[in-house]
$ cat data-v4.cif   # mmCIF, C-alpha atoms
data_target
loop_
_atom_site.label_atom_id
_atom_site.label_comp_id
_atom_site.auth_asym_id
_atom_site.auth_seq_id
_atom_site.Cartn_x
_atom_site.Cartn_y
_atom_site.Cartn_z
CA MET A 9 64.64 68.94 87.89
CA ALA A 10 68.41 68.85 87.44
CA GLY A 11 70.56 71.43 89.18
CA LEU A 12 71.84 74.49 87.37
CA LEU A 13 75.39 73.07 87.32
CA GLU A 14 74.57 69.37 87.13
CA GLY A 15 77.61 67.36 86.03
CA LYS A 16 79.93 70.36 85.80
CA ARG A 17 83.46 70.43 87.23
CA LEU A 18 84.76 73.64 88.74
CA LEU A 19 87.92 75.10 90.23
CA VAL A 20 87.18 77.67 92.94
CA THR A 21 90.02 79.79 94.30
CA GLY A 22 90.07 82.02 97.35
CA VAL A 23 88.20 79.96 99.95
CA LEU A 24 89.68 80.89 103.31
CA THR A 25 86.68 81.17 105.65
CA ASP A 26 83.06 80.09 105.50
CA THR A 27 82.04 83.75 105.31
CA SER A 28 83.89 84.38 102.05
CA MET A 29 82.08 84.80 98.76
CA ALA A 30 84.21 82.02 97.26
CA PHE A 31 83.02 79.59 99.94
CA HIS A 32 79.41 80.34 99.10
CA VAL A 33 80.10 79.99 95.37
CA ALA A 34 81.50 76.52 96.09
CA ARG A 35 78.60 75.66 98.39
CA LEU A 36 75.91 76.78 95.95
CA ALA A 37 77.71 75.12 93.04
CA GLN A 38 77.70 71.79 94.87
CA GLU A 39 74.05 72.22 95.75
CA GLN A 40 73.38 72.77 92.05
CA GLY A 41 75.14 69.55 91.06
CA ALA A 42 78.76 70.56 90.43
CA THR A 43 81.96 68.80 91.45
CA VAL A 44 84.27 71.35 93.06
CA VAL A 45 88.03 71.50 93.53
CA LEU A 46 89.45 74.29 95.70
CA SER A 47 92.88 75.91 95.64
CA SER A 48 94.99 77.44 98.39
CA PHE A 49 98.67 77.84 99.22
CA GLY A 50 101.24 77.96 101.97
CA ARG A 51 99.98 78.13 105.53
CA GLN A 52 96.48 78.84 104.25
CA MET A 53 96.26 75.29 102.84
CA ARG A 54 95.44 73.77 106.22
CA ILE A 55 92.79 76.42 106.89
CA THR A 56 91.16 75.85 103.49
CA GLU A 57 91.19 72.08 104.03
CA VAL A 58 89.29 72.56 107.31
CA ILE A 59 86.79 74.95 105.72
CA ALA A 60 86.34 72.56 102.76
CA ARG A 61 84.84 70.04 105.16
CA ARG A 62 82.02 72.50 105.90
CA LEU A 63 80.76 72.31 102.33
CA PRO A 64 77.82 70.02 101.55
CA GLN A 65 80.44 67.61 100.18
CA PRO A 66 84.09 67.81 101.29
CA ALA A 67 86.17 69.22 98.42
CA PRO A 68 89.82 68.49 97.61
CA VAL A 69 92.30 71.35 97.87
CA VAL A 70 95.21 71.81 95.45
CA GLN A 71 98.29 73.95 95.98
CA LEU A 72 98.28 77.19 93.96
CA ASP A 73 100.24 80.37 94.53
CA VAL A 74 99.30 82.49 91.51
CA SER A 75 102.64 84.29 91.66
CA SER A 76 104.55 80.98 91.36
CA ALA A 77 105.40 79.76 87.86
CA GLU A 78 105.98 76.30 89.31
CA ASP A 79 102.51 76.10 90.84
CA LEU A 80 100.87 77.46 87.69
CA GLY A 81 102.70 74.92 85.54
CA ALA A 82 101.62 72.06 87.79
CA LEU A 83 98.01 73.19 88.26
CA ALA A 84 96.37 71.21 85.44
CA GLY A 85 98.04 68.01 86.65
CA ARG A 86 97.00 68.63 90.25
CA ILE A 87 93.40 69.15 89.23
CA THR A 88 93.45 66.03 87.06
CA GLU A 89 94.57 63.97 90.06
CA HIS A 90 91.18 64.68 91.63
CA LEU A 91 88.90 64.81 88.59
CA GLY A 92 90.42 61.87 86.74
CA GLU A 93 92.45 61.50 83.56
CA GLY A 94 90.76 63.11 80.58
CA ALA A 95 88.32 65.13 82.71
CA GLN A 96 87.71 68.72 81.67
CA LEU A 97 86.93 71.85 83.65
CA ASP A 98 83.61 73.58 83.01
CA GLY A 99 84.34 76.59 85.14
CA VAL A 100 86.98 78.57 87.02
CA VAL A 101 86.27 81.06 89.78
CA HIS A 102 88.88 83.74 90.47
CA SER A 103 88.55 85.15 93.98
CA ILE A 104 92.12 86.27 94.60
CA GLY A 105 93.37 89.68 95.62
CA PHE A 106 96.14 91.19 97.67
CA ALA A 107 97.77 94.57 98.10
CA PRO A 108 100.34 95.55 100.72
CA GLN A 109 98.94 97.86 103.40
CA ALA A 110 101.30 100.61 102.21
CA VAL A 111 99.36 101.09 98.96
CA MET A 112 95.89 101.33 100.49
CA GLY A 113 94.26 103.81 102.83
CA ASP A 114 96.14 107.10 102.58
CA GLY A 115 99.12 105.53 100.82
CA PHE A 116 98.28 106.26 97.18
CA LEU A 117 100.76 109.11 96.66
CA SER A 118 103.51 107.56 98.75
CA ALA A 119 103.25 104.05 97.27
CA GLU A 120 106.38 102.50 95.80
CA TRP A 121 106.56 100.31 92.71
CA ASN A 122 107.59 97.14 94.54
CA ASP A 123 104.34 97.23 96.52
CA VAL A 124 102.22 98.41 93.59
CA SER A 125 103.61 95.68 91.33
CA THR A 126 102.68 93.06 93.93
CA ALA A 127 99.11 94.34 94.00
CA LEU A 128 98.91 94.32 90.19
CA GLN A 129 100.41 90.85 89.84
CA VAL A 130 98.31 89.12 92.48
CA SER A 131 95.07 91.03 91.94
CA ALA A 132 95.03 91.56 88.15
CA PHE A 133 97.63 89.63 86.16
CA SER A 134 96.68 86.51 88.13
CA LEU A 135 93.43 86.25 86.18
CA GLN A 136 95.40 85.71 82.98
CA SER A 137 97.86 83.41 84.78
CA LEU A 138 95.09 81.29 86.25
CA VAL A 139 93.15 80.95 83.01
CA VAL A 140 96.26 80.09 80.98
CA ALA A 141 97.20 77.44 83.55
CA CYS A 142 93.72 75.92 83.34
CA ARG A 143 93.41 76.29 79.57
CA PRO A 144 94.44 72.70 78.71
CA LEU A 145 91.47 71.48 80.76
CA LEU A 146 88.81 74.01 79.76
CA ALA A 147 85.84 72.48 77.98
CA PRO A 148 84.06 74.30 75.14
CA GLY A 149 81.44 76.49 76.77
CA ALA A 150 83.42 76.74 80.01
CA GLY A 151 82.89 79.84 82.13
CA VAL A 152 85.50 81.90 83.93
CA VAL A 153 84.06 84.16 86.62
CA GLY A 154 86.01 86.67 88.69
CA LEU A 155 84.99 88.81 91.64
CA THR A 156 85.63 92.53 91.47
CA PHE A 157 84.70 95.80 93.14
CA ASP A 158 83.46 98.39 90.65
CA ALA A 159 86.61 100.08 89.32
CA SER A 160 84.87 102.72 87.22
CA LEU A 161 85.20 105.17 90.14
CA ALA A 162 87.95 106.21 92.53
CA TRP A 163 86.87 105.06 95.98
CA PRO A 164 88.06 106.33 99.37
CA VAL A 165 90.65 104.13 101.19
CA TYR A 166 90.87 101.60 98.30
CA GLY A 167 94.01 103.14 96.83
CA TRP A 168 96.09 101.07 94.44
CA MET A 169 93.78 98.10 94.90
CA GLY A 170 91.25 100.14 92.93
CA VAL A 171 93.80 100.53 90.15
CA ALA A 172 94.48 96.80 90.28
CA LYS A 173 90.75 96.10 89.98
CA ALA A 174 90.56 98.38 86.94
CA ALA A 175 93.35 96.33 85.36
CA PHE A 176 91.58 93.14 86.44
CA GLU A 177 88.43 94.21 84.63
CA SER A 178 90.41 95.01 81.50
CA VAL A 179 92.18 91.62 81.65
CA SER A 180 88.77 89.95 81.74
CA ARG A 181 87.67 91.73 78.56
CA TYR A 182 90.86 90.73 76.75
CA LEU A 183 90.48 87.12 77.89
CA ALA A 184 86.92 87.18 76.55
CA ARG A 185 88.32 88.34 73.21
CA GLU A 186 91.18 85.85 73.10
CA LEU A 187 89.28 82.76 74.26
CA GLY A 188 85.93 83.32 72.59
CA GLY A 189 87.01 81.23 69.61
CA GLU A 190 87.45 78.29 71.98
CA GLY A 191 83.97 78.77 73.36
CA VAL A 192 85.28 79.99 76.72
CA ARG A 193 83.38 82.82 78.41
CA CYS A 194 84.97 85.28 80.86
CA ASN A 195 82.78 87.48 83.05
CA LEU A 196 83.01 89.33 86.34
CA VAL A 197 80.68 89.97 89.26
CA ALA A 198 81.08 93.42 90.83
CA ALA A 199 79.92 92.90 94.39
CA GLY A 200 79.01 95.51 96.91
CA PRO A 201 81.10 95.60 100.10
CA VAL A 202 80.98 92.35 102.04
CA ARG A 203 82.65 91.94 105.43
CA THR A 204 85.16 89.28 104.42
CA THR A 205 88.68 88.64 105.69
CA ALA A 206 90.07 90.56 102.70
CA ALA A 207 87.78 93.52 103.36
CA LYS A 208 88.83 93.72 106.99
CA ALA A 209 92.41 94.19 105.81
CA ILE A 210 91.48 97.44 104.04
CA PRO A 211 92.15 100.46 106.30
CA GLY A 212 88.93 102.43 106.72
CA PHE A 213 86.67 99.76 105.16
CA GLU A 214 83.93 100.98 107.49
CA ALA A 215 83.57 103.99 105.20
CA PHE A 216 81.90 101.68 102.66
CA GLU A 217 79.80 99.83 105.22
CA SER A 218 78.32 102.95 106.76
CA VAL A 219 76.81 104.43 103.59
CA TRP A 220 76.21 101.55 101.19
CA SER A 221 72.87 100.38 102.54
CA GLU A 222 71.60 103.97 102.64
CA ARG A 223 72.42 104.45 98.95
CA ALA A 224 71.34 101.06 97.62
CA PRO A 225 67.81 101.05 96.14
CA LEU A 226 67.51 97.37 97.08
CA ALA A 227 69.32 97.87 100.40
CA TRP A 228 72.54 96.00 101.20
CA ASP A 229 73.76 93.73 103.96
CA VAL A 230 77.56 93.75 104.33
CA LYS A 231 77.32 90.47 106.25
CA ASP A 232 75.59 88.60 103.40
CA PRO A 233 77.95 87.16 100.74
CA VAL A 234 75.25 85.01 99.13
CA PRO A 235 73.83 87.37 96.43
CA PRO A 236 77.19 87.82 94.64
CA ALA A 237 77.82 84.07 94.96
CA GLN A 238 74.46 83.36 93.33
CA ALA A 239 75.41 85.57 90.39
CA CYS A 240 78.68 83.67 89.98
CA VAL A 241 76.83 80.36 89.86
CA ALA A 242 74.40 81.73 87.28
CA LEU A 243 77.27 82.91 85.05
CA LEU A 244 78.96 79.52 85.34
CA SER A 245 75.79 77.82 84.12
CA ASP A 246 74.58 77.20 80.57
CA TRP A 247 71.99 79.96 80.93
CA PHE A 248 74.49 82.61 79.74
CA PRO A 249 75.91 80.88 76.65
CA LYS A 250 76.55 84.08 74.69
CA THR A 251 77.58 86.42 77.49
CA THR A 252 81.27 87.24 77.79
CA GLY A 253 83.38 90.26 78.70
CA GLU A 254 80.55 91.38 80.96
CA ILE A 255 80.53 92.84 84.47
CA VAL A 256 77.38 91.98 86.42
CA HIS A 257 76.79 94.34 89.33
CA VAL A 258 75.44 92.78 92.49
CA ASP A 259 75.58 95.79 94.79
CA GLY A 260 71.99 96.63 95.60
CA GLY A 261 71.96 99.08 92.70
CA VAL A 262 74.48 101.61 94.03
CA HIS A 263 76.44 101.70 90.76
CA ALA A 264 73.38 102.99 88.93
CA VAL A 265 72.12 105.77 91.17
CA GLY A 266 75.10 107.87 92.29
CA ALA A 267 75.25 109.71 95.60
#

$ encode --input "data-v4.cif" --output "structure tokens"
Amino acid sequence: MAGLLEGKRLLVTGVLTDTSMAFHVARLAQEQGATVVLSSFGRQMRITEVIARRLPQPAPVVQLDVSSAEDLGALAGRITEHLGEGAQLDGVVHSIGFAPQAVMGDGFLSAEWNDVSTALQVSAFSLQSLVVACRPLLAPGAGVVGLTFDASLAWPVYGWMGVAKAAFESVSRYLARELGGEGVRCNLVAAGPVRTTAAKAIPGFEAFESVWSERAPLAWDVKDPVPPAQACVALLSDWFPKTTGEIVHVDGGVHAVGA
């Protein structure tokens, strides 16, 4: 039986450690038959190249700073160097987010626009930037999948990153509207808290860890990034051909049951 992603070509962003959700998306995608290209930038490039060798098949890494017009303009060409001339992309995974420390934790009311705009650009606008940069390569039926943290509520300690995620979710819906005519789907996976490098950078992240498993009907393990990664792979597959603009919650059920 062929794998779920047999023959597909994917770009996966955001792989920094082998505990990240993006790493496990790339790993599972390869196990399901996909060819994977990773992206990274700056000093993180060398780290990502090392981590890429821990995948079932070593994956090439291309330079991409989503706030750089130069990198975005060169992205399609850089991907083509590894996939071959004329090759198309069947999927793009957005796992990128950043907010200065000053706008998280207790910094919501004291945050300044320069810091807030950075959070919005890198964590929300980058979805549009990434998809537009990849658009020349996207095959009909291609899937774009982004990782989010449910932005329908105001969470403790998340601050302006929560606002950025709300914008991110809205961007995904507009991309679904704009690209549907080209057969491109855009969906998000809203994961429960996972102890990743990004999560550790959030002041007071333990506030999520301490209560999530108690509230989740299906329980929740903050050290297990695999369930959200599995959802990403499923959405990248041909098994969701008419699903777009959707947010799939993989959080043990917390979003549905309240306190």

$ closest_residue --input "data-v4.cif" --among "A:Gly41, A:Gly113, A:Gly22, A:Gly94" --to "A:Val69" --atoms "only C-alpha atoms"
A:Gly22

$ residues_near_point --input "data-v4.cif" --point "(95.4, 73.0, 93.0)" --cutoff "9 Å" --atoms "all atoms listed in the file" --output "list in words"
Leu19, Thr21, Val45, Leu46, Ser47, Ser48, Phe49, Pro68, Val69, Val70, Gln71, Leu72, Asp73, Asp79, Leu80, Ala82, Leu83, Ala84, Gly85, Arg86 and Ile87 of chain A

$ residues_near_point --input "data-v4.cif" --point "(91.4, 77.4, 106.3)" --cutoff "12 Å" --atoms "all atoms listed in the file" --output "VMD selection string"
chain A and resid 22 to 28 31 46 to 62 69 205

$ resolve_selection --input "data-v4.cif" --expression "the PyMOL selection byres ((chain A and resi 149) around 6)" --output "list in words"
Pro148, Ala150, Gly191 and Val192 of chain A

$ atom_distance --input "data-v4.cif" --atom1 "atom CA of A:Arg17" --atom2 "atom CA of A:Gln136"
19.9 Å

$ resolve_selection --input "data-v4.cif" --expression "the PyMOL selection byres ((chain A and resi 223) around 10)" --output "JSON, numbers by chain"
{"A": [218, 219, 220, 221, 222, 224, 225, 226, 227, 228, 260, 261, 262, 263, 265, 266, 267]}

$ closest_residue --input "data-v4.cif" --among "A:Pro164, A:Pro144, A:Gly253, A:Gly170" --to "A:Leu128" --atoms "all atoms listed in the file"
A:Gly170

$ atom_distance --input "data-v4.cif" --atom1 "atom CA of A:Leu187" --atom2 "atom CA of A:Val258"
25.0 Å

$ resolve_selection --input "data-v4.cif" --expression "the PyMOL selection byres ((chain A and resi 74) around 9)" --output "number ranges by chain"
A: 72-73, 75-77, 79-80, 104, 129-130, 134-135, 137-138

$ closest_residue --input "data-v4.cif" --among "A:Cys194, A:Ala237, A:Val179, A:Val100" --to "A:Leu146" --atoms "only C-alpha atoms"
A:Val100

$ residues_around --input "data-v4.cif" --residues "A:Ala119" --least-positions-apart "5" --cutoff "9 Å" --atoms "all atoms listed in the file" --output "ChimeraX atom specification"
/A:110-112,124,168

$ closest_residue --input "data-v4.cif" --among "A:Ala239, A:Glu120, A:Gly189, A:Pro233" --to "A:His32" --atoms "all atoms listed in the file"
A:Pro233

$ closest_residue --input "data-v4.cif" --among "A:Gln40, A:Gln109, A:Thr251, A:Gln96" --to "A:Tyr166" --atoms "only C-alpha atoms"
A:Gln109

$ atom_distance --input "data-v4.cif" --atom1 "atom CA of A:Pro235" --atom2 "atom CA of A:Gly15"
22.9 Å

$ closest_residue --input "data-v4.cif" --among "A:Gly115, A:Gly105, A:Asn195, A:Glu214" --to "A:Ala172" --atoms "only C-alpha atoms"
A:Gly105

$ residues_around --input "data-v4.cif" --residues "A:Thr156" --least-positions-apart "2" --cutoff "7 Å" --atoms "all atoms listed in the file" --output "MDAnalysis selection string"
chainID A and resid 154 158 173 196:199

$ decode --input "data-v4.cif" --residues "stretch 138-156 of chain A" --atoms "N, CA, C and O atoms" --output "mmCIF file, in the first residue's frame"
data_model
loop_
_atom_site.group_PDB
_atom_site.id
_atom_site.type_symbol
_atom_site.label_atom_id
_atom_site.label_comp_id
_atom_site.auth_asym_id
_atom_site.auth_seq_id
_atom_site.Cartn_x
_atom_site.Cartn_y
_atom_site.Cartn_z
ATOM 1 N N LEU A 138 5.079 33.667 2.569
ATOM 2 C CA LEU A 138 5.594 32.347 2.208
ATOM 3 C C LEU A 138 4.806 31.736 1.060
ATOM 4 O O LEU A 138 5.380 31.211 0.098
ATOM 5 N N VAL A 139 3.490 31.820 1.142
ATOM 6 C CA VAL A 139 2.657 31.210 0.099
ATOM 7 C C VAL A 139 2.840 31.926 -1.233
ATOM 8 O O VAL A 139 2.938 31.285 -2.288
ATOM 9 N N VAL A 140 2.912 33.253 -1.212
ATOM 10 C CA VAL A 140 3.121 34.002 -2.450
ATOM 11 C C VAL A 140 4.476 33.644 -3.063
ATOM 12 O O VAL A 140 4.606 33.484 -4.282
ATOM 13 N N ALA A 141 5.491 33.487 -2.227
ATOM 14 C CA ALA A 141 6.821 33.123 -2.726
ATOM 15 C C ALA A 141 6.831 31.739 -3.355
ATOM 16 O O ALA A 141 7.553 31.492 -4.328
ATOM 17 N N CYS A 142 6.025 30.839 -2.804
ATOM 18 C CA CYS A 142 5.964 29.466 -3.327
ATOM 19 C C CYS A 142 4.950 29.306 -4.460
ATOM 20 O O CYS A 142 4.939 28.266 -5.140
ATOM 21 N N ARG A 143 4.113 30.293 -4.658
ATOM 22 C CA ARG A 143 2.994 30.172 -5.593
ATOM 23 C C ARG A 143 3.390 29.718 -6.989
ATOM 24 O O ARG A 143 2.680 28.894 -7.595
ATOM 25 N N PRO A 144 4.519 30.191 -7.552
ATOM 26 C CA PRO A 144 4.868 29.717 -8.904
ATOM 27 C C PRO A 144 5.092 28.215 -8.986
ATOM 28 O O PRO A 144 5.013 27.635 -10.074
ATOM 29 N N LEU A 145 5.356 27.577 -7.843
ATOM 30 C CA LEU A 145 5.655 26.145 -7.837
ATOM 31 C C LEU A 145 4.469 25.289 -7.404
ATOM 32 O O LEU A 145 4.518 24.059 -7.532
ATOM 33 N N LEU A 146 3.420 25.903 -6.863
ATOM 34 C CA LEU A 146 2.341 25.121 -6.263
ATOM 35 C C LEU A 146 1.517 24.390 -7.321
ATOM 36 O O LEU A 146 0.986 24.993 -8.255
ATOM 37 N N ALA A 147 1.411 23.089 -7.128
ATOM 38 C CA ALA A 147 0.632 22.253 -8.037
ATOM 39 C C ALA A 147 -0.856 22.362 -7.704
ATOM 40 O O ALA A 147 -1.218 22.631 -6.555
ATOM 41 N N PRO A 148 -1.740 22.168 -8.690
ATOM 42 C CA PRO A 148 -3.168 22.099 -8.376
ATOM 43 C C PRO A 148 -3.416 21.008 -7.332
ATOM 44 O O PRO A 148 -2.876 19.912 -7.433
ATOM 45 N N GLY A 149 -4.198 21.335 -6.320
ATOM 46 C CA GLY A 149 -4.436 20.384 -5.241
ATOM 47 C C GLY A 149 -3.425 20.477 -4.117
ATOM 48 O O GLY A 149 -3.513 19.732 -3.135
ATOM 49 N N ALA A 150 -2.452 21.380 -4.242
ATOM 50 C CA ALA A 150 -1.436 21.525 -3.201
ATOM 51 C C ALA A 150 -2.079 21.957 -1.882
ATOM 52 O O ALA A 150 -3.118 22.622 -1.858
ATOM 53 N N GLY A 151 -1.437 21.568 -0.792
ATOM 54 C CA GLY A 151 -1.934 21.929 0.528
ATOM 55 C C GLY A 151 -0.943 22.802 1.280
ATOM 56 O O GLY A 151 0.249 22.505 1.312
ATOM 57 N N VAL A 152 -1.455 23.883 1.845
ATOM 58 C CA VAL A 152 -0.670 24.710 2.757
ATOM 59 C C VAL A 152 -1.200 24.435 4.154
ATOM 60 O O VAL A 152 -2.412 24.487 4.391
ATOM 61 N N VAL A 153 -0.300 24.126 5.076
ATOM 62 C CA VAL A 153 -0.704 23.841 6.454
ATOM 63 C C VAL A 153 0.151 24.675 7.401
ATOM 64 O O VAL A 153 1.377 24.682 7.295
ATOM 65 N N GLY A 154 -0.510 25.384 8.300
ATOM 66 C CA GLY A 154 0.196 26.179 9.298
ATOM 67 C C GLY A 154 -0.127 25.687 10.699
ATOM 68 O O GLY A 154 -1.183 25.090 10.942
ATOM 69 N N LEU A 155 0.782 25.937 11.618
ATOM 70 C CA LEU A 155 0.592 25.558 13.016
ATOM 71 C C LEU A 155 0.221 26.786 13.835
ATOM 72 O O LEU A 155 0.885 27.824 13.760
ATOM 73 N N THR A 156 -0.852 26.654 14.606
ATOM 74 C CA THR A 156 -1.321 27.764 15.409
ATOM 75 C C THR A 156 -1.621 27.303 16.823
ATOM 76 O O THR A 156 -1.515 26.106 17.150
#
